[in-house]
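A.B. asks: This structure is in structure tokens; I'll ask about it shortly.
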Amino acid sequence: MLVTEVKNALPGGSPLLRNEPVQARSSARLAGLLDAAAAVIDDIGFERLTTAMVAERAGASIGTVYRYFPDRIAVVEALAMRCTQRLGSRFLDTVDGAAVDGWEDAVNALIDLTVEMYRTEPGFRAIRFGDVTESAEGLEGDRMSQLGGGVAGIFRDRFDFPDTERMTRAWVALTEGGHAVLARAHRVPGSPDEGLVEEFRAMALAYLRALLNTES
């Protein structure tokens with residue numbers, strides 16, 4: 001199961017969770033903890049986040065946090081997973097809609113959606129958290145590799161991109177590089193560097209055009 005194909009907004013079934021939320025109230029409590037973590041991350045960054053801060057911001061006890069998460073790392077990882085899922089879901093909805101005409105439109109849409117989430121999704125910069133995670137197949141890999149592989153699959157299925165090792169690596173490189181550049185472009189809240197975003201857009205499109213010419 002590709003990361004970008006997950007439609008759930010919560011990390012249900014994740015090995016990150018100590019307890020799986022099975023009732024609506026439990027799911028809402030878990031969502032509240034992740035919302036609180038996102039707010040703290042937006043204030044001070046994920047490096048300084050503590051479970052005590054999450055509990056305080058959520059208006060919950062520290063025991064409630066530890067009921068679901070073993071430590072602060074798992075909190076940030078779960079938030080990053082939620083952000084990744086939301087980005088993937090929105091991208092799939094956009095690609096399958098009538099507004100996308102060809103792969104270049106899809107690339108532009110992915111960049112635009114990512115930019116929008118950096119600007120509006122609380123805690124979205126947690127997506128850059130590079131801890132090693134366990135994939136659905138039990139293999140270890142970082143989120144950017146998983147996300148890049150998911151994007152590669154979408155472009156193969158929807159736009160007949162070649163299924164080659166080099167193309168898969170290219171998507172990982174674009175995903176990794178894209179989030180680094182776009183995060184930098186949004187370092188100052190409310191004052192994004194639009195020029196940097198457009199430089200990445202031009203670079204990504206030119207790179208893919210050149211790669212398609214050599215891989216066809």
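Residues in the structure tokens are named by chain (A, B, ... in the order shown) and by number from 1 within that chain; ligands are numbered from 1 in the order shown.
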Extract, using only C-alpha atoms, all DNA, RNA and protein residues at most 12 Å from Thr120 of chain A, discarding same-chain residues fewer than 6 positions from it, and format them as a ChimeraX atom specification.
C.D. replies: /A:38-39,42,83,87,113-114,186,189-190
A.B. asks: Using N, CA and C atoms, can you export the residues from the last selection as an mmCIF file, in the first residue's frame?
C.D. replies:
```cif
data_model
loop_
_atom_site.group_PDB
_atom_site.id
_atom_site.type_symbol
_atom_site.label_atom_id
_atom_site.label_comp_id
_atom_site.auth_asym_id
_atom_site.auth_seq_id
_atom_site.Cartn_x
_atom_site.Cartn_y
_atom_site.Cartn_z
ATOM 1 N N ALA A 38 0.931 19.585 16.505
ATOM 2 C CA ALA A 38 1.118 20.458 15.341
ATOM 3 C C ALA A 38 1.241 21.909 15.767
ATOM 4 N N ALA A 39 0.402 22.326 16.715
ATOM 5 C CA ALA A 39 0.446 23.711 17.178
ATOM 6 C C ALA A 39 1.774 24.031 17.862
ATOM 7 N N ASP A 42 4.541 24.280 15.229
ATOM 8 C CA ASP A 42 4.493 25.555 14.515
ATOM 9 C C ASP A 42 5.054 26.684 15.366
ATOM 10 N N CYS A 83 0.129 14.128 7.954
ATOM 11 C CA CYS A 83 0.344 15.150 6.928
ATOM 12 C C CYS A 83 0.595 14.517 5.569
ATOM 13 N N LEU A 87 -1.742 14.987 2.211
ATOM 14 C CA LEU A 87 -1.191 15.466 0.944
ATOM 15 C C LEU A 87 -1.462 14.469 -0.166
ATOM 16 N N LEU A 113 -0.156 22.003 -4.266
ATOM 17 C CA LEU A 113 -0.766 21.420 -3.078
ATOM 18 C C LEU A 113 0.215 21.396 -1.910
ATOM 19 N N THR A 114 1.468 21.061 -2.199
ATOM 20 C CA THR A 114 2.477 21.026 -1.142
ATOM 21 C C THR A 114 2.703 22.421 -0.575
ATOM 22 N N HIS A 186 9.310 28.635 3.080
ATOM 23 C CA HIS A 186 8.280 28.994 4.057
ATOM 24 C C HIS A 186 8.848 29.105 5.464
ATOM 25 N N PRO A 189 6.828 32.546 8.522
ATOM 26 C CA PRO A 189 5.374 32.414 8.389
ATOM 27 C C PRO A 189 4.741 33.695 7.836
ATOM 28 N N GLY A 190 3.882 33.508 6.848
ATOM 29 C CA GLY A 190 3.187 34.638 6.271
ATOM 30 C C GLY A 190 3.977 35.410 5.240
#
```
A.B. asks: If you run DSSP on this backbone, which residues of segment 24-212 of chain A come out as alpha helix (DSSP H), and could you give them as a PyMOL selection string?
C.D. replies: chain A and resi 24-44+51-58+62-68+72-95+103-120+143-159+165-185+194-212
A.B. asks: For Val40 of chain A, work out the shell of residues within 10 Å, counting only C-alpha atoms and skipping chain neighbours fewer than 3 positions away, then give it as a list in words.
C.D. replies: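 Here the qualifying residues turn out to be Leu34, Asp35, Ala36, Ala37, Asp43, Ile44, Gly45, Phe46, Arg48, Leu49, Thr50, Met53, Val54, Arg57, Pro122 and Gly123 of chain A.
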A.B. asks: Find the distance between atom CA of Ala58 of chain A and atom CA of Leu33 of chain A and write it in Å to one decimal.
C.D. replies: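 These two atoms are separated by 5.8 Å.
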A.B. asks: Out of A:Phe69, A:Ala28, A:Thr164, A:Val115, which residue has the shortest atom-to-atom distance to Arg184 of chain A when counting only C-alpha atoms?
C.D. replies: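 Smallest distance to Arg184 of chain A is found for A:Val115.
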A.B. asks: What is the distance between atom CA of Glu47 of chain A and atom CA of Ala80 of chain A, in Å to one decimal?
C.D. replies: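 Separating atom CA of Glu47 of chain A from atom CA of Ala80 of chain A is a distance of 13.5 Å.
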A.B. asks: Using atom CA of Leu79 of chain A and atom CA of Val151 of chain A as the two end points, give the distance in Å to one decimal.
C.D. replies: 20.0 Å
A.B. asks: Go through A:Thr51, A:Ala210, A:Arg128, A:Glu199 one by one, measure the shortest atom-to-atom distance of each to Pro70 of chain A using only C-alpha atoms, and give the residue with the smallest value.
C.D. replies: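 Looking at the shortest contact to Pro70 of chain A, the residue is A:Thr51.
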A.B. asks: Please report as JSON lines every residue of segment 154-177 of chain A lying within 9 Å of segment 95-111 of chain A, along with the nearest atom pair and their distance in Å (one decimal), using only C-alpha atoms.
C.D. replies:
```
{"residue": "A:Ile154", "atom": "CA", "partner": "A:Val95", "partner_atom": "CA", "distance": 8.9}
{"residue": "A:Phe155", "atom": "CA", "partner": "A:Trp103", "partner_atom": "CA", "distance": 7.3}
{"residue": "A:Arg158", "atom": "CA", "partner": "A:Val95", "partner_atom": "CA", "distance": 8.2}
{"residue": "A:Phe159", "atom": "CA", "partner": "A:Trp103", "partner_atom": "CA", "distance": 6.0}
{"residue": "A:Phe161", "atom": "CA", "partner": "A:Trp103", "partner_atom": "CA", "distance": 8.9}
```
A.B. asks: Using only C-alpha atoms, pick whichever of A:Leu174, A:Glu121, A:Leu212, A:Leu205 has the shortest atom-to-atom distance to Arg156 of chain A.
C.D. replies: A:Leu212
A.B. asks: Would you kindly return, as a list of chain:residue names, each protein, DNA or RNA residue with an atom no farther than 10 Å from any atom of Ala170 of chain A, considering only C-alpha atoms and excluding same-chain residues fewer than 2 positions away?
C.D. replies: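 So the residues in contact are A:Gly148, A:Gly149, A:Ala152, A:Thr164, A:Glu165, A:Arg166, A:Met167, A:Thr168, A:Val172, A:Ala173, A:Leu174, A:Thr175, A:Glu176, A:Ala204, A:Tyr207, A:Leu208, A:Leu211.
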